[in-house]
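What follows is the content of model_18.txt, which has compact mmCIF, C-alpha atoms:
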```txt
# COMPACT_ATOMS: atom_id res chain seq x y z
CA MET A 1 4.60 18.71 24.72
CA ALA A 2 4.58 15.56 22.59
CA VAL A 3 2.03 12.83 23.20
CA SER A 4 3.49 9.68 24.78
CA ILE A 5 1.53 6.40 24.54
CA GLU A 6 2.41 3.29 26.51
CA LEU A 7 2.64 -0.11 24.81
CA SER A 8 0.10 -1.57 27.23
CA ASP A 9 -0.70 -5.23 27.74
CA GLU A 10 -4.02 -4.53 26.05
CA LEU A 11 -2.42 -3.10 22.91
CA ARG A 12 0.05 -5.97 22.76
CA ALA A 13 -2.80 -8.49 23.09
CA ILE A 14 -4.80 -6.68 20.39
CA ARG A 15 -1.86 -6.80 18.01
CA HIS A 16 -1.33 -10.54 18.66
CA HIS A 17 -5.03 -11.29 18.13
CA LEU A 18 -5.09 -9.39 14.84
CA HIS A 19 -1.92 -11.12 13.65
CA ARG A 20 -3.35 -14.55 14.47
CA HIS A 21 -6.57 -13.91 12.53
CA PRO A 22 -5.74 -12.29 9.16
CA GLU A 23 -8.31 -12.10 6.40
CA ARG A 24 -7.93 -11.41 2.70
CA SER A 25 -9.00 -8.22 0.95
CA PHE A 26 -12.74 -7.43 1.11
CA GLU A 27 -13.18 -10.53 3.30
CA GLU A 28 -12.18 -8.84 6.59
CA ARG A 29 -15.50 -9.50 8.33
CA GLU A 30 -14.20 -10.95 11.60
CA THR A 31 -11.48 -8.31 11.70
CA SER A 32 -14.08 -5.56 11.28
CA ALA A 33 -16.30 -7.05 13.98
CA TYR A 34 -13.34 -7.28 16.37
CA LEU A 35 -12.33 -3.66 15.70
CA ARG A 36 -15.89 -2.48 16.37
CA SER A 37 -16.02 -4.36 19.65
CA VAL A 38 -12.71 -2.92 20.84
CA LEU A 39 -13.66 0.63 19.85
CA ALA A 40 -17.06 0.32 21.51
CA ALA A 41 -15.43 -0.95 24.70
CA HIS A 42 -13.41 2.28 24.83
CA GLY A 43 -16.46 4.45 24.23
CA VAL A 44 -15.47 5.51 20.72
CA GLU A 45 -18.37 6.62 18.52
CA LEU A 46 -18.92 4.21 15.62
CA LEU A 47 -20.37 5.49 12.34
CA ASP A 48 -22.53 3.70 9.79
CA ASP A 49 -20.34 2.13 7.12
CA PRO A 50 -21.95 1.25 3.77
CA MET A 51 -19.02 -1.01 2.82
CA PRO A 52 -19.24 -4.75 3.59
CA THR A 53 -15.93 -4.64 5.47
CA GLY A 54 -13.97 -1.90 7.21
CA VAL A 55 -14.85 0.31 10.16
CA VAL A 56 -15.38 4.07 10.52
CA ALA A 57 -15.48 5.95 13.82
CA ARG A 58 -15.43 9.57 14.98
CA ILE A 59 -13.84 11.59 17.76
CA GLU A 60 -15.46 14.98 18.25
CA GLY A 61 -13.06 17.41 19.84
CA ALA A 62 -14.11 19.75 22.61
CA HIS A 63 -13.40 22.69 20.28
CA ASP A 64 -14.49 23.51 16.75
CA GLY A 65 -12.01 23.07 13.93
CA PRO A 66 -11.09 21.14 10.78
CA VAL A 67 -11.87 17.50 10.01
CA VAL A 68 -8.89 15.15 9.74
CA GLY A 69 -8.92 11.46 8.85
CA LEU A 70 -6.80 8.77 10.48
CA ARG A 71 -6.46 5.67 8.31
CA ALA A 72 -5.10 2.16 8.82
CA ASP A 73 -5.41 -0.75 6.38
CA ILE A 74 -6.74 -4.07 7.67
CA ASP A 75 -6.28 -6.85 5.09
CA GLY A 76 -3.85 -9.75 5.03
CA LEU A 77 -2.18 -11.54 2.13
CA PRO A 78 -2.54 -15.02 0.57
CA VAL A 79 0.79 -16.10 2.12
CA ARG A 80 1.45 -19.16 4.32
CA GLU A 81 3.23 -17.85 7.43
CA ASP A 82 6.72 -19.09 8.30
CA SER A 83 7.69 -16.43 10.85
CA GLY A 84 8.20 -18.63 13.90
CA LEU A 85 6.11 -16.26 16.03
CA ASP A 86 4.14 -17.83 18.86
CA PHE A 87 1.14 -15.78 17.69
CA ALA A 88 1.43 -16.80 14.03
CA SER A 89 -1.62 -16.96 11.77
CA VAL A 90 -4.19 -19.66 12.49
CA ASN A 91 -5.85 -19.02 9.12
CA ASP A 92 -3.99 -21.35 6.81
CA GLY A 93 -2.64 -19.66 3.70
CA VAL A 94 -3.35 -16.13 4.95
CA MET A 95 -0.86 -13.91 6.79
CA HIS A 96 -0.34 -10.32 7.82
CA ALA A 97 2.84 -10.41 5.76
CA CYS A 98 2.76 -6.64 5.25
CA GLY A 99 2.20 -5.74 8.89
CA HIS A 100 -1.32 -4.37 8.69
CA ASP A 101 -1.92 -5.82 12.16
CA LEU A 102 0.69 -3.32 13.37
CA HIS A 103 -1.15 -0.51 11.61
CA MET A 104 -4.49 -1.41 13.18
CA ALA A 105 -3.05 -1.75 16.68
CA SER A 106 -1.16 1.53 16.30
CA LEU A 107 -4.25 3.42 15.22
CA LEU A 108 -6.27 1.89 18.05
CA GLY A 109 -3.63 3.03 20.54
CA ALA A 110 -3.85 6.57 19.20
CA VAL A 111 -7.66 6.52 19.16
CA PHE A 112 -7.86 5.34 22.76
CA TRP A 113 -5.62 8.24 23.83
CA LEU A 114 -7.30 10.86 21.65
CA ASN A 115 -10.80 9.84 22.71
CA ALA A 116 -9.74 10.23 26.33
CA HIS A 117 -8.26 13.69 25.66
CA ARG A 118 -10.95 15.35 23.55
CA ASP A 119 -10.33 18.56 25.48
CA LEU A 120 -7.07 18.90 23.49
CA ILE A 121 -8.72 18.42 20.10
CA HIS A 122 -9.71 21.47 18.05
CA GLY A 123 -11.77 19.80 15.36
CA THR A 124 -13.01 16.32 14.45
CA LEU A 125 -11.10 13.12 13.78
CA ARG A 126 -12.60 10.54 11.43
CA VAL A 127 -11.06 7.12 12.01
CA ILE A 128 -10.98 4.84 8.96
CA PHE A 129 -10.00 1.18 9.15
CA GLN A 130 -9.76 0.55 5.41
CA PRO A 131 -10.17 -2.79 3.63
CA ALA A 132 -8.36 -4.16 0.59
CA GLU A 133 -5.18 -2.11 0.41
CA GLU A 134 -3.37 -5.14 -0.99
CA LEU A 135 -5.65 -5.13 -4.04
CA GLY A 136 -5.08 -1.42 -4.55
CA ARG A 137 -8.86 -0.92 -4.41
CA GLY A 138 -9.68 -0.25 -0.78
CA ALA A 139 -9.04 3.49 -0.72
CA ARG A 140 -11.12 3.87 -3.87
CA ALA A 141 -13.96 1.98 -2.17
CA VAL A 142 -13.77 4.36 0.81
CA ILE A 143 -13.82 7.39 -1.48
CA ASP A 144 -16.68 6.05 -3.61
CA ALA A 145 -18.70 5.36 -0.45
CA GLY A 146 -18.38 9.03 0.52
CA LEU A 147 -16.41 8.22 3.68
CA ALA A 148 -13.62 10.64 2.77
CA ASP A 149 -15.99 13.52 1.97
CA GLY A 150 -15.28 16.69 3.89
CA LEU A 151 -11.82 15.70 5.09
CA ASP A 152 -9.36 18.58 5.25
CA ALA A 153 -6.47 16.09 5.47
CA ILE A 154 -5.84 12.40 6.11
CA ILE A 155 -3.02 10.75 8.04
CA GLY A 156 -1.59 7.29 7.40
CA THR A 157 1.41 5.12 8.18
CA HIS A 158 3.20 2.05 6.93
CA ASN A 159 5.53 -0.04 9.02
CA ASN A 160 8.96 -0.50 7.45
CA PRO A 161 11.25 -3.38 8.50
CA ASN A 162 14.27 -1.52 7.12
CA TYR A 163 14.04 0.82 10.14
CA ALA A 164 14.20 -0.20 13.79
CA PRO A 165 11.29 0.36 16.20
CA GLY A 166 11.34 3.88 17.60
CA VAL A 167 12.28 5.34 14.19
CA LEU A 168 10.03 7.44 11.95
CA ALA A 169 10.65 8.76 8.44
CA ALA A 170 8.46 11.51 6.97
CA GLY A 171 8.91 14.32 4.49
CA ALA A 172 7.76 15.94 1.28
CA GLN A 173 9.63 13.73 -1.21
CA PRO A 174 7.96 10.72 -2.90
CA MET A 175 7.72 7.81 -0.46
CA MET A 176 6.06 4.96 -2.37
CA ALA A 177 5.86 4.36 -6.08
CA GLY A 178 3.20 4.87 -8.68
CA CYS A 179 2.02 1.46 -9.90
CA VAL A 180 1.16 0.09 -13.33
CA ARG A 181 -0.19 -3.32 -14.26
CA PHE A 182 0.47 -4.28 -17.87
CA ARG A 183 -0.55 -7.21 -20.02
CA VAL A 184 0.29 -8.07 -23.63
CA ASP A 185 -1.61 -10.67 -25.67
CA LEU A 186 -0.01 -11.81 -28.92
CA HIS A 187 -2.01 -13.27 -31.79
CA ALA A 188 -0.17 -15.20 -34.51
CA ASP A 189 -0.70 -18.08 -36.94
CA GLY A 190 0.00 -21.37 -35.21
CA ALA A 191 1.81 -24.17 -36.96
CA HIS A 192 3.25 -27.67 -36.61
CA GLY A 193 6.49 -27.67 -34.64
CA GLY A 194 8.23 -29.29 -37.61
CA TYR A 195 6.93 -26.68 -40.08
CA PRO A 196 7.56 -23.29 -38.46
CA HIS A 197 7.78 -21.60 -41.86
CA LYS A 198 4.06 -22.23 -42.32
CA GLY A 199 3.08 -20.04 -39.38
CA THR A 200 4.01 -16.86 -37.53
CA GLY A 201 4.64 -18.14 -34.05
CA PRO A 202 4.58 -15.63 -31.19
CA PHE A 203 7.54 -16.78 -29.07
CA GLU A 204 10.35 -15.12 -31.00
CA ALA A 205 8.46 -11.83 -31.00
CA MET A 206 7.69 -12.16 -27.29
CA SER A 207 11.34 -12.84 -26.45
CA SER A 208 12.47 -9.82 -28.45
CA MET A 209 9.85 -7.63 -26.77
CA ILE A 210 10.83 -8.67 -23.25
CA LEU A 211 14.50 -8.01 -23.88
CA ALA A 212 13.83 -4.67 -25.60
CA LEU A 213 11.56 -3.49 -22.79
CA GLN A 214 14.56 -3.46 -20.46
CA THR A 215 16.00 -0.58 -22.48
CA ILE A 216 13.13 1.68 -21.38
CA VAL A 217 14.91 2.23 -18.08
CA SER A 218 18.54 1.84 -19.16
CA ARG A 219 18.39 4.09 -22.23
CA ASN A 220 15.54 6.54 -21.70
CA VAL A 221 15.44 7.66 -18.07
CA SER A 222 17.87 9.62 -15.93
CA PRO A 223 19.67 7.33 -13.45
CA PHE A 224 18.64 9.85 -10.78
CA HIS A 225 14.96 9.01 -11.41
CA PRO A 226 13.92 5.56 -10.12
CA LEU A 227 11.88 3.56 -12.64
CA VAL A 228 11.20 -0.17 -12.84
CA VAL A 229 9.70 -2.21 -15.70
CA SER A 230 9.38 -5.88 -14.74
CA VAL A 231 7.90 -8.75 -16.73
CA THR A 232 6.65 -11.17 -14.09
CA GLU A 233 4.66 -13.81 -16.02
CA VAL A 234 4.78 -15.35 -19.51
CA HIS A 235 2.35 -17.78 -21.03
CA GLY A 236 1.75 -19.66 -24.28
CA GLY A 237 1.60 -23.15 -25.67
CA ASP A 238 0.23 -26.45 -24.41
CA VAL A 239 1.74 -29.17 -26.63
CA TRP A 240 5.36 -30.10 -27.31
CA ASN A 241 4.99 -30.30 -31.08
CA VAL A 242 2.69 -27.33 -31.79
CA ILE A 243 3.73 -23.72 -32.24
CA PRO A 244 0.81 -21.89 -30.63
CA ALA A 245 -1.19 -19.07 -32.15
CA GLU A 246 -1.59 -17.29 -28.81
CA ALA A 247 0.94 -16.20 -26.17
CA GLY A 248 1.60 -13.25 -23.95
CA PHE A 249 3.10 -11.77 -20.82
CA GLN A 250 2.27 -9.42 -17.98
CA GLY A 251 4.04 -7.48 -15.29
CA THR A 252 4.39 -4.14 -13.55
CA ALA A 253 6.02 -0.73 -13.87
CA ARG A 254 6.86 1.48 -10.87
CA TYR A 255 7.79 5.18 -10.91
CA PHE A 256 8.12 8.23 -8.67
CA HIS A 257 7.78 11.01 -11.26
CA ARG A 258 4.74 11.38 -13.52
CA GLU A 259 6.86 12.17 -16.57
CA ASP A 260 8.69 8.86 -16.12
CA GLY A 261 5.42 6.95 -15.92
CA ASP A 262 4.22 8.63 -19.11
CA LEU A 263 7.52 7.93 -20.88
CA ALA A 264 7.41 4.27 -19.84
CA ALA A 265 3.88 3.92 -21.22
CA ARG A 266 4.82 5.53 -24.52
CA ARG A 267 8.01 3.52 -25.08
CA PHE A 268 6.36 0.28 -23.93
CA LYS A 269 3.63 0.58 -26.53
CA GLN A 270 6.09 1.59 -29.27
CA ILE A 271 8.33 -1.40 -28.58
CA VAL A 272 5.52 -3.94 -28.42
CA MET A 273 3.65 -2.72 -31.48
CA SER A 274 6.71 -2.24 -33.70
CA THR A 275 8.13 -5.63 -32.73
CA ALA A 276 4.81 -7.32 -33.39
CA ALA A 277 4.68 -5.71 -36.82
CA ALA A 278 8.22 -6.81 -37.59
CA TYR A 279 7.30 -10.43 -36.84
CA GLY A 280 4.00 -10.27 -38.70
CA ILE A 281 1.75 -10.80 -35.70
CA ARG A 282 -0.82 -8.74 -33.80
CA ALA A 283 -0.53 -7.42 -30.22
CA ASP A 284 -3.14 -6.20 -27.73
CA ILE A 285 -1.86 -4.06 -24.84
CA GLU A 286 -3.41 -3.29 -21.45
CA TRP A 287 -1.55 -0.56 -19.55
CA ASP A 288 -3.35 0.11 -16.27
CA ASP A 289 -1.69 3.06 -14.50
CA PHE A 290 -3.88 2.53 -11.46
CA GLN A 291 -2.01 4.19 -8.60
CA ALA A 292 -0.11 7.46 -8.28
CA PRO A 293 3.09 7.90 -6.26
CA LEU A 294 2.55 8.64 -2.59
CA VAL A 295 3.67 12.20 -1.85
CA CYS A 296 2.71 14.15 1.28
CA ASP A 297 1.34 17.67 1.25
CA PRO A 298 4.47 19.78 1.82
CA ASP A 299 2.80 22.39 4.02
CA LEU A 300 1.22 19.80 6.33
CA ILE A 301 4.08 17.32 6.58
CA ALA A 302 6.73 19.96 7.41
CA PRO A 303 5.53 20.72 10.97
CA VAL A 304 4.65 17.05 11.58
CA ALA A 305 8.12 15.92 10.55
CA ALA A 306 9.80 18.71 12.52
CA ALA A 307 8.07 17.52 15.70
CA ILE A 308 9.11 13.85 15.42
CA GLY A 309 12.33 14.32 17.38
CA ALA A 310 10.34 15.04 20.54
CA TYR A 311 9.00 11.46 20.76
CA ALA A 312 10.92 9.28 18.24
CA GLU A 313 14.11 9.12 16.20
CA ALA A 314 13.72 10.89 12.86
CA ALA A 315 15.36 9.20 9.87
CA PRO A 316 15.68 10.06 6.16
CA ILE A 317 13.09 8.58 3.83
CA MET A 318 14.17 5.46 1.98
CA PRO A 319 11.71 5.51 -0.94
CA SER A 320 9.97 2.22 -1.66
CA MET A 321 9.10 0.79 -5.07
CA ALA A 322 6.11 -0.87 -3.43
CA GLY A 323 2.75 0.83 -3.93
CA GLU A 324 0.28 2.17 -1.33
CA ASP A 325 -3.30 2.97 -2.19
CA PHE A 326 -3.27 5.70 0.47
CA ALA A 327 -2.09 7.81 -2.48
CA GLU A 328 -5.65 7.64 -3.86
CA TYR A 329 -6.86 9.98 -1.12
CA ALA A 330 -4.85 12.80 -2.71
CA GLU A 331 -7.72 13.12 -5.20
CA VAL A 332 -10.02 14.35 -2.42
CA THR A 333 -7.80 15.73 0.36
CA ARG A 334 -4.24 16.40 1.56
CA LEU A 335 -1.89 13.62 2.68
CA VAL A 336 0.28 13.15 5.76
CA PHE A 337 2.19 9.87 5.93
CA ALA A 338 5.17 8.25 7.66
CA PHE A 339 7.23 5.08 7.65
CA VAL A 340 7.33 3.47 11.11
CA GLY A 341 10.32 1.28 11.94
CA SER A 342 9.23 -2.32 12.58
CA ASN A 343 12.38 -4.49 12.68
CA GLY A 344 15.77 -3.14 11.57
CA THR A 345 17.81 -6.29 12.20
CA PRO A 346 20.36 -7.18 9.46
CA GLY A 347 18.92 -9.48 6.82
CA CYS A 348 15.36 -9.32 8.15
CA ALA A 349 12.56 -10.31 5.80
CA ASP A 350 10.74 -7.52 3.99
CA TRP A 351 7.07 -7.02 3.22
CA HIS A 352 5.12 -9.92 1.67
CA SER A 353 7.63 -12.55 2.80
CA PRO A 354 6.32 -15.59 4.73
CA ARG A 355 9.14 -14.84 7.20
CA PHE A 356 8.17 -11.20 7.75
CA VAL A 357 8.36 -10.20 11.42
CA GLY A 358 7.31 -6.85 12.84
CA PHE A 359 8.11 -6.20 16.49
CA ASP A 360 5.43 -5.25 19.03
CA GLU A 361 7.36 -2.07 19.87
CA THR A 362 6.31 -0.75 16.46
CA VAL A 363 2.82 -0.16 17.87
CA LYS A 364 4.00 2.43 20.40
CA THR A 365 5.81 4.55 17.80
CA GLY A 366 2.96 4.20 15.30
CA ALA A 367 0.37 5.23 17.88
CA GLU A 368 2.42 8.23 18.93
CA PHE A 369 2.80 9.33 15.31
CA TYR A 370 -0.94 9.13 14.68
CA ALA A 371 -1.75 11.10 17.84
CA ASN A 372 0.95 13.76 17.48
CA ALA A 373 0.36 14.16 13.75
CA ALA A 374 -3.38 14.53 14.33
CA LEU A 375 -2.96 17.35 16.82
CA GLU A 376 -0.26 19.05 14.75
CA THR A 377 -2.26 18.82 11.53
CA LEU A 378 -5.42 20.18 13.13
CA HIS A 379 -3.37 23.10 14.47
CA THR A 380 -1.76 23.80 11.08
CA LEU A 381 -5.06 23.67 9.21
CA ALA A 382 -6.73 25.97 11.73
CA ASN A 383 -4.02 28.58 11.29
CA GLU A 384 -3.71 28.56 7.50
```
What does the file become when written as structure tokens?
Amino acid sequence: MAVSIELSDELRAIRHHLHRHPERSFEERETSAYLRSVLAAHGVELLDDPMPTGVVARIEGAHDGPVVGLRADIDGLPVREDSGLDFASVNDGVMHACGHDLHMASLLGAVFWLNAHRDLIHGTLRVIFQPAEELGRGARAVIDAGLADGLDAIIGTHNNPNYAPGVLAAGAQPMMAGCVRFRVDLHADGAHGGYPHKGTGPFEAMSSMILALQTIVSRNVSPFHPLVVSVTEVHGGDVWNVIPAEAGFQGTARYFHREDGDLAARRFKQIVMSTAAAYGIRADIEWDDFQAPLVCDPDLIAPVAAAIGAYAEAAPIMPSMAGEDFAEYAEVTRLVFAFVGSNGTPGCADWHSPRFVGFDETVKTGAEFYANAALETLHTLANE
């Protein structure tokens, strides 16, 4: 029988408190203190955490078995809220614009239920409230601190406003993209704006590079393989009558298939270096492929996804070009992950918007996924 968890007044109040008090990555001190107090009030065992922010707890089942992690991210974004909610952020310029307040409240709801039903648990659950997902560095901090050691699997979620509350999407195909940060610095010979022939200004080369980079996707990759290369910032020059010696640009690439990420890196460097040579300037390239695509373990996600229909509406995965540092945990254990519907109304704002709104009802579905997936994953691991 599937676990059913009520959206209680307490859980609703917890979600509203967390939404009102967001904190930026690695600054989540009040959030961490609040989570500890709530967990302690429910008799959940808290563990020592060597990180400055974040919280780790443990639920020992009544029976021996594997060790499974349950993870929620806790940081907000440097966004000024314009949601119209009566529990909007009171921390000016910081907002839970990605719905991490929903994730925390959902995991707390599951933890409360699981801690009260340890007789059903065959194994141990390690609860991780992770900092700094928005920087793409929080999961790495957890791993480096040894807090993911010994996990046989880890379970995570992300709310998704493109689905309505009560809807879950999970499966073995890629869910969120691999992420690259790139930066190009161009070094030329500056000159007077009236004497361009006496220098090798960088702007013409930079313009040619940016246009040519768009052919990486359009002329090199199958249209059935999603790939994005976006230049998001350009810089250079300070004075109206001087052609500068220095300029550059930066941006991001997103991919779902490793071969596409490798191809993008190779073609990017070829285009930049050959164009720089053609214009007689020098280019320095930073290509930071810092996050892999998020893909669940196929053997663990299959039974979890098959069971969703007993407590929620199952929907197909709509892959996201956004990144999720939950993917980092694949280096040390096996992943189980789901999208949890959080809005679903036509034209609703998406993640990172100042008008992002996630509905309270999201917490019920998220909590039920965490609890049901935990029990199902422990059972699957024990019988492998």
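Coordinates place CA of Ile317 (chain A) at a distance of 14.5 Å from CA of Ser342 (chain A).
Shortest separation to Ser208 (chain A) among A:Ala191, A:Ala265, A:Ala278, A:Val67 occurs at residue A:Ala278, atoms counted being only C-alpha atoms.
Closest approach to Thr377 (chain A) among A:Gly123, A:Pro319, A:Gly236, A:Pro78 is made by A:Gly123 (distances from all atoms listed in the file).
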- Message: Is it possible to get the residues within 10 Å of (-18.5, 13.6, 15.8) (coordinates as in the file, counting all atoms listed in the file) written as a count of residues only?
- Response: 14
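Of the listed residues A:Asp73, A:Glu259, A:Asp149, A:Asp288, the one whose atoms come nearest to Ile128 (chain A) is A:Asp73, with distances taken using all atoms listed in the file.
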- Query: Leaving out Arg20 (chain A) and any residue of its chain fewer than 3 positions from it, which residues lie within 9 Å of it when counting only C-alpha atoms, given as a PyMOL selection string?
  - Reply: chain A and resi 15-17+87-91+95-96
